[in-house]
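Participant: Have a look at this one.
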Amino acid sequence: MTVVPPQETVANNAAAHVRASAPTVRTGLYTPEERKRRDATKWTLVQGLLAPVQFLVMAVSVALVLRYLKTGNGLEAAHISIVVKTLVLYTIMVTGAIWEKVVFGQYLFHESFFWEDVVSFFVIGQHTAYLIGLYLKWDPRFLMWMALVAYAAYTVNAIQFILKLRAARLQEAAEKAARAAAAGGGA
C-alpha cells in the first residue's frame, strides 16, 4: 500500500528544502547565521584568550632570542621560549580549526579566513622545522633566525586577523545602526 502525501505537504516540504539549500549571501566576514554561531560558541572565547597569550609569549621569546643573538647568553632560555611559543601556536591552531568548523562548517580554509589559514600553515611549518632542527642540534644561531622569520610571519598574520575582525565589528555596528534607523523611521 502506497501512501501519497497531500499536495500541500509536498509543496511545503519542497519550499523548505529550497530555503534550506539556498546559498546565504555573504556581505562581510560572517553571514547572520555564522555570526550567531560565532557568538554562541565557547571556542570564540578560547580564541580570544589564546591570541593575546600567544602574542605575549612571542614578545618574551623575541626578547630572549635577540638577547642570545646579541650577547651569546641565554641560549637555553631562548630555546625554551620558542618551544613554549610553538606549543601555544599548535594549541591555537587546533582550537581555531574547531572554531572554524563550528562557525563556518569546515575545519580550515573557509573563504572568510583562507589566506590567514595559509599563512598559519607556513608559520606552523617554520615552528615545526625549528623543533626538528633543535632535535637534530642544528646551529643555534641559525635556529634563532628561523624563529625570528616564523615570528615575523606570525606578526603579519596576526595583523591580518586584527584588521579583518575590526572590519567585521565595524560592519556589525553599521548594520545595527541601519536597523535602528529603519525601526525609528518606520514609526
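We label chains A, B, ... in the order they appear in the C-alpha cells, count residues from 1 in each chain, and number ligands from 1 in the order shown.
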So which residues of region 1-181 of chain A fall under alpha helix (DSSP H) by DSSP, listed as a ChimeraX atom specification?

Facilitator: /A:7-21,32-40,42-71,75-104,114-135,140-181

Participant: Within 12 Å of region 133-141 of chain A, which residues of region 80-126 of chain A show up? Give each one with its shortest atom-to-atom distance in Å (one decimal) and the two atoms involved, counting only C-alpha atoms, rows by chain then rising residue number, as JSON lines.

Facilitator:
{"residue": "A:Ile80", "atom": "CA", "partner": "A:Leu134", "partner_atom": "CA", "distance": 10.6}
{"residue": "A:Ile82", "atom": "CA", "partner": "A:Leu134", "partner_atom": "CA", "distance": 10.3}
{"residue": "A:Val83", "atom": "CA", "partner": "A:Leu134", "partner_atom": "CA", "distance": 9.5}
{"residue": "A:Gln126", "atom": "CA", "partner": "A:Gly133", "partner_atom": "CA", "distance": 10.4}

Participant: With N, CA, C and O atoms kept, could you save the residues just selected as an mmCIF file, in the first residue's frame?

Facilitator:
data_model
loop_
_atom_site.group_PDB
_atom_site.id
_atom_site.type_symbol
_atom_site.label_atom_id
_atom_site.label_comp_id
_atom_site.auth_asym_id
_atom_site.auth_seq_id
_atom_site.Cartn_x
_atom_site.Cartn_y
_atom_site.Cartn_z
ATOM 1 N N ILE A 80 63.763 27.401 25.168
ATOM 2 C CA ILE A 80 62.538 27.093 25.924
ATOM 3 C C ILE A 80 61.405 28.015 25.489
ATOM 4 O O ILE A 80 60.269 27.575 25.278
ATOM 5 N N ILE A 82 60.943 29.461 22.629
ATOM 6 C CA ILE A 82 60.473 29.118 21.278
ATOM 7 C C ILE A 82 59.631 27.840 21.326
ATOM 8 O O ILE A 82 58.600 27.743 20.645
ATOM 9 N N VAL A 83 60.037 26.882 22.144
ATOM 10 C CA VAL A 83 59.254 25.653 22.292
ATOM 11 C C VAL A 83 57.875 25.984 22.891
ATOM 12 O O VAL A 83 56.849 25.489 22.412
ATOM 13 N N GLN A 126 57.344 26.600 9.875
ATOM 14 C CA GLN A 126 58.586 27.194 10.392
ATOM 15 C C GLN A 126 58.849 26.751 11.824
ATOM 16 O O GLN A 126 59.978 26.408 12.178
#

Participant: For a test of reading the model, state the distance in Å between CA of Val60 (chain A) and CA of Ala77 (chain A), rounded to one decimal.

Facilitator: 10.2 Å

Participant: So that I can see what lies close to region 145-149 of chain A, please list as a list in words the residues with an atom at most 9 Å from it, counting only C-alpha atoms and leaving out residues fewer than 5 positions away in the same chain.

Facilitator: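 Everything that qualifies: Val62, Val65, Leu66, Leu69, Ile82, Val123, Gln126, His127, Ala129, Tyr130, Pro140 and Tyr154 of chain A.
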
Participant: Residues of the last selection are to be written out with C-alpha atoms, as a CSV table (one decimal), in the first residue's frame.

Facilitator:
chain,number,residue,atom,x,y,z
A,62,VAL,CA,61.7,37.7,20.8
A,65,VAL,CA,66.2,35.3,21.1
A,66,LEU,CA,67.6,38.8,20.4
A,69,LEU,CA,72.0,36.8,19.2
A,82,ILE,CA,60.5,29.1,21.3
A,123,VAL,CA,54.2,29.7,10.4
A,126,GLN,CA,58.6,27.2,10.4
A,127,HIS,CA,58.0,26.4,14.1
A,129,ALA,CA,61.2,23.0,11.3
A,130,TYR,CA,62.7,24.8,14.3
A,140,PRO,CA,71.8,27.7,17.4
A,154,TYR,CA,53.1,35.3,12.6

Participant: Between A:Met58, A:Ala178, A:Leu45, A:Leu50, which is the closest to Tyr151 (chain A) once you count only C-alpha atoms?

Facilitator: A:Met58

Participant: Can you tell me, as a compact mmCIF listing (two decimals) with N, CA, C and O atoms, in the first residue's frame, what residues are no more than 12 Å from Pro52 (chain A) when counting only C-alpha atoms, ignoring any on the same chain fewer than 6 positions away?

Facilitator:
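And here is the file that came out, out03.txt:
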# COMPACT_ATOMS: atom_id res chain seq x y z
N LEU A 45 35.53 32.44 22.75
CA LEU A 45 36.22 32.89 23.96
C LEU A 45 37.61 32.27 24.06
O LEU A 45 38.58 32.96 24.39
N VAL A 46 37.72 30.99 23.75
CA VAL A 46 39.02 30.31 23.79
C VAL A 46 40.00 31.02 22.85
O VAL A 46 41.13 31.33 23.23
N MET A 58 55.23 35.28 22.45
CA MET A 58 56.13 35.63 21.35
C MET A 58 56.98 36.84 21.71
O MET A 58 58.19 36.86 21.43
N ALA A 59 56.40 37.85 22.34
CA ALA A 59 57.16 39.06 22.69
C ALA A 59 58.31 38.71 23.65
O ALA A 59 59.44 39.18 23.46
N LYS A 85 56.30 28.85 22.70
CA LYS A 85 55.56 29.56 21.65
C LYS A 85 54.99 28.57 20.64
O LYS A 85 53.85 28.70 20.19
N VAL A 88 51.97 26.79 22.15
CA VAL A 88 50.81 27.69 22.15
C VAL A 88 50.27 27.82 20.73
O VAL A 88 49.04 27.82 20.53
N LEU A 89 51.15 27.92 19.75
CA LEU A 89 50.72 28.01 18.35
C LEU A 89 49.94 26.77 17.94
O LEU A 89 48.87 26.88 17.33
N ILE A 92 46.49 26.96 19.57
CA ILE A 92 45.57 27.93 18.97
C ILE A 92 45.16 27.50 17.57
O ILE A 92 44.04 27.76 17.14
N THR A 155 53.42 37.64 13.00
CA THR A 155 53.00 39.02 13.26
C THR A 155 52.17 39.56 12.10
O THR A 155 51.14 40.19 12.31
N ALA A 158 48.84 37.94 12.36
CA ALA A 158 48.06 38.50 13.47
C ALA A 158 47.46 39.84 13.07
O ALA A 158 46.30 40.13 13.38
N ILE A 162 43.52 40.85 12.98
CA ILE A 162 43.01 42.01 13.71
C ILE A 162 42.27 42.96 12.79
O ILE A 162 41.17 43.43 13.10

Participant: Quick one: residues within 12 Å of Ala97 (chain A), only C-alpha atoms counted, chain neighbours fewer than 4 positions away excluded, as a list of chain:residue names?

Facilitator: A:Trp43, A:Thr44, A:Val46, A:Gln47, A:Tyr90, A:Thr91, A:Ile92, A:Met93, A:Lys101, A:Val102, A:Val103, A:Phe104, A:Gly105, A:Gln106, A:Tyr107, A:Leu108, A:Phe109, A:His110, A:Phe113, A:Phe114, A:Glu116, A:Asp117, A:Ser120, A:Phe121

Participant: For the selection you just gave me, I'd like the residues written to a file as a JSON list (two decimals), in the first residue's frame, keeping N, CA, C and O atoms.

Facilitator:
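Final file, selection32.json:
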[["chain", "number", "residue", "atom", "x", "y", "z"],
["A", 43, "TRP", "N", 34.24, 28.39, 21.77],
["A", 43, "TRP", "CA", 35.52, 28.46, 21.07],
["A", 43, "TRP", "C", 35.91, 29.88, 20.71],
["A", 43, "TRP", "O", 37.09, 30.18, 20.53],
["A", 44, "THR", "N", 34.93, 30.77, 20.60],
["A", 44, "THR", "CA", 35.25, 32.18, 20.35],
["A", 44, "THR", "C", 36.00, 32.76, 21.55],
["A", 44, "THR", "O", 37.00, 33.46, 21.39],
["A", 46, "VAL", "N", 37.72, 30.99, 23.75],
["A", 46, "VAL", "CA", 39.02, 30.31, 23.79],
["A", 46, "VAL", "C", 40.00, 31.02, 22.85],
["A", 46, "VAL", "O", 41.13, 31.33, 23.23],
["A", 47, "GLN", "N", 39.56, 31.31, 21.64],
["A", 47, "GLN", "CA", 40.43, 32.01, 20.69],
["A", 47, "GLN", "C", 40.77, 33.41, 21.19],
["A", 47, "GLN", "O", 41.91, 33.87, 21.06],
["A", 90, "TYR", "N", 50.44, 25.59, 18.26],
["A", 90, "TYR", "CA", 49.72, 24.36, 17.94],
["A", 90, "TYR", "C", 48.34, 24.36, 18.60],
["A", 90, "TYR", "O", 47.35, 23.98, 17.98],
["A", 91, "THR", "N", 48.29, 24.79, 19.86],
["A", 91, "THR", "CA", 47.03, 24.82, 20.59],
["A", 91, "THR", "C", 46.03, 25.77, 19.93],
["A", 91, "THR", "O", 44.86, 25.42, 19.72],
["A", 92, "ILE", "N", 46.49, 26.96, 19.57],
["A", 92, "ILE", "CA", 45.57, 27.93, 18.97],
["A", 92, "ILE", "C", 45.16, 27.50, 17.57],
["A", 92, "ILE", "O", 44.04, 27.76, 17.14],
["A", 93, "MET", "N", 46.02, 26.77, 16.88],
["A", 93, "MET", "CA", 45.65, 26.29, 15.54],
["A", 93, "MET", "C", 44.59, 25.20, 15.63],
["A", 93, "MET", "O", 43.62, 25.21, 14.87],
["A", 101, "LYS", "N", 35.14, 25.19, 12.24],
["A", 101, "LYS", "CA", 34.15, 24.14, 11.94],
["A", 101, "LYS", "C", 32.80, 24.52, 12.53],
["A", 101, "LYS", "O", 31.77, 24.39, 11.86],
["A", 102, "VAL", "N", 32.79, 25.00, 13.77],
["A", 102, "VAL", "CA", 31.53, 25.37, 14.42],
["A", 102, "VAL", "C", 30.89, 26.56, 13.70],
["A", 102, "VAL", "O", 29.69, 26.56, 13.43],
["A", 103, "VAL", "N", 31.68, 27.56, 13.36],
["A", 103, "VAL", "CA", 31.13, 28.79, 12.78],
["A", 103, "VAL", "C", 30.82, 28.63, 11.30],
["A", 103, "VAL", "O", 29.76, 29.04, 10.83],
["A", 104, "PHE", "N", 31.75, 28.04, 10.54],
["A", 104, "PHE", "CA", 31.63, 28.00, 9.08],
["A", 104, "PHE", "C", 31.31, 26.64, 8.49],
["A", 104, "PHE", "O", 31.06, 26.52, 7.30],
["A", 105, "GLY", "N", 31.38, 25.59, 9.33],
["A", 105, "GLY", "CA", 31.04, 24.26, 8.83],
["A", 105, "GLY", "C", 32.20, 23.51, 8.21],
["A", 105, "GLY", "O", 32.00, 22.43, 7.65],
["A", 106, "GLN", "N", 33.40, 24.04, 8.28],
["A", 106, "GLN", "CA", 34.59, 23.31, 7.80],
["A", 106, "GLN", "C", 35.76, 23.67, 8.69],
["A", 106, "GLN", "O", 35.81, 24.75, 9.26],
["A", 107, "TYR", "N", 36.70, 22.73, 8.80],
["A", 107, "TYR", "CA", 37.78, 22.90, 9.77],
["A", 107, "TYR", "C", 38.76, 24.00, 9.40],
["A", 107, "TYR", "O", 39.25, 24.69, 10.28],
["A", 108, "LEU", "N", 39.09, 24.16, 8.18],
["A", 108, "LEU", "CA", 40.07, 25.17, 7.78],
["A", 108, "LEU", "C", 39.78, 25.64, 6.36],
["A", 108, "LEU", "O", 39.03, 25.00, 5.62],
["A", 109, "PHE", "N", 40.41, 26.73, 6.00],
["A", 109, "PHE", "CA", 40.40, 27.27, 4.64],
["A", 109, "PHE", "C", 39.02, 27.72, 4.16],
["A", 109, "PHE", "O", 38.74, 27.70, 2.97],
["A", 110, "HIS", "N", 38.17, 28.14, 5.09],
["A", 110, "HIS", "CA", 36.92, 28.78, 4.68],
["A", 110, "HIS", "C", 37.27, 30.10, 4.02],
["A", 110, "HIS", "O", 38.26, 30.74, 4.38],
["A", 113, "PHE", "N", 38.54, 33.16, 6.04],
["A", 113, "PHE", "CA", 39.87, 33.17, 6.67],
["A", 113, "PHE", "C", 40.88, 32.35, 5.87],
["A", 113, "PHE", "O", 41.85, 31.85, 6.42],
["A", 114, "PHE", "N", 40.66, 32.23, 4.57],
["A", 114, "PHE", "CA", 41.50, 31.37, 3.74],
["A", 114, "PHE", "C", 42.98, 31.76, 3.82],
["A", 114, "PHE", "O", 43.84, 30.93, 4.12],
["A", 116, "GLU", "N", 44.58, 33.71, 5.90],
["A", 116, "GLU", "CA", 45.13, 33.64, 7.24],
["A", 116, "GLU", "C", 45.49, 32.19, 7.58],
["A", 116, "GLU", "O", 46.53, 31.94, 8.20],
["A", 117, "ASP", "N", 44.66, 31.24, 7.13],
["A", 117, "ASP", "CA", 44.98, 29.83, 7.36],
["A", 117, "ASP", "C", 46.21, 29.41, 6.56],
["A", 117, "ASP", "O", 47.05, 28.65, 7.06],
["A", 120, "SER", "N", 49.12, 30.74, 8.33],
["A", 120, "SER", "CA", 49.27, 29.99, 9.58],
["A", 120, "SER", "C", 50.01, 28.67, 9.34],
["A", 120, "SER", "O", 50.84, 28.26, 10.16],
["A", 121, "PHE", "N", 49.74, 28.01, 8.23],
["A", 121, "PHE", "CA", 50.44, 26.77, 7.94],
["A", 121, "PHE", "C", 51.91, 27.02, 7.65],
["A", 121, "PHE", "O", 52.77, 26.21, 8.01]]

Participant: Skipping near chain neighbours, those fewer than 5 positions away, what residues fall within 12 Å of Glu175 (chain A) using only C-alpha atoms, listed as a CSV table (one decimal) with C-alpha atoms, in the first residue's frame?

Facilitator:
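Result written to around26.csv:
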chain,number,residue,atom,x,y,z
A,27,THR,CA,28.1,40.7,2.6
A,28,GLY,CA,31.0,40.6,5.0
A,31,THR,CA,26.6,35.8,7.4
A,32,PRO,CA,24.0,36.4,10.1
A,168,ALA,CA,33.7,42.7,10.9
A,169,ARG,CA,32.9,44.7,14.1
A,170,LEU,CA,32.5,47.9,12.1
A,180,ALA,CA,17.8,51.1,14.4
A,181,ALA,CA,17.3,53.9,11.9
A,182,ALA,CA,14.9,51.8,9.9

Participant: Give me, please, the distance in Å between CA of Ser112 (chain A) and CA of Tyr30 (chain A), quoted to one decimal.

Facilitator: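 Spanning CA of Ser112 (chain A) to CA of Tyr30 (chain A) is a straight-line distance of 7.6 Å.
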
Participant: Of the candidates A:Leu87, A:Ala183, A:Trp115, A:Val57, which one gets nearest to Lys164 (chain A) if we count only C-alpha atoms?

Facilitator: A:Trp115
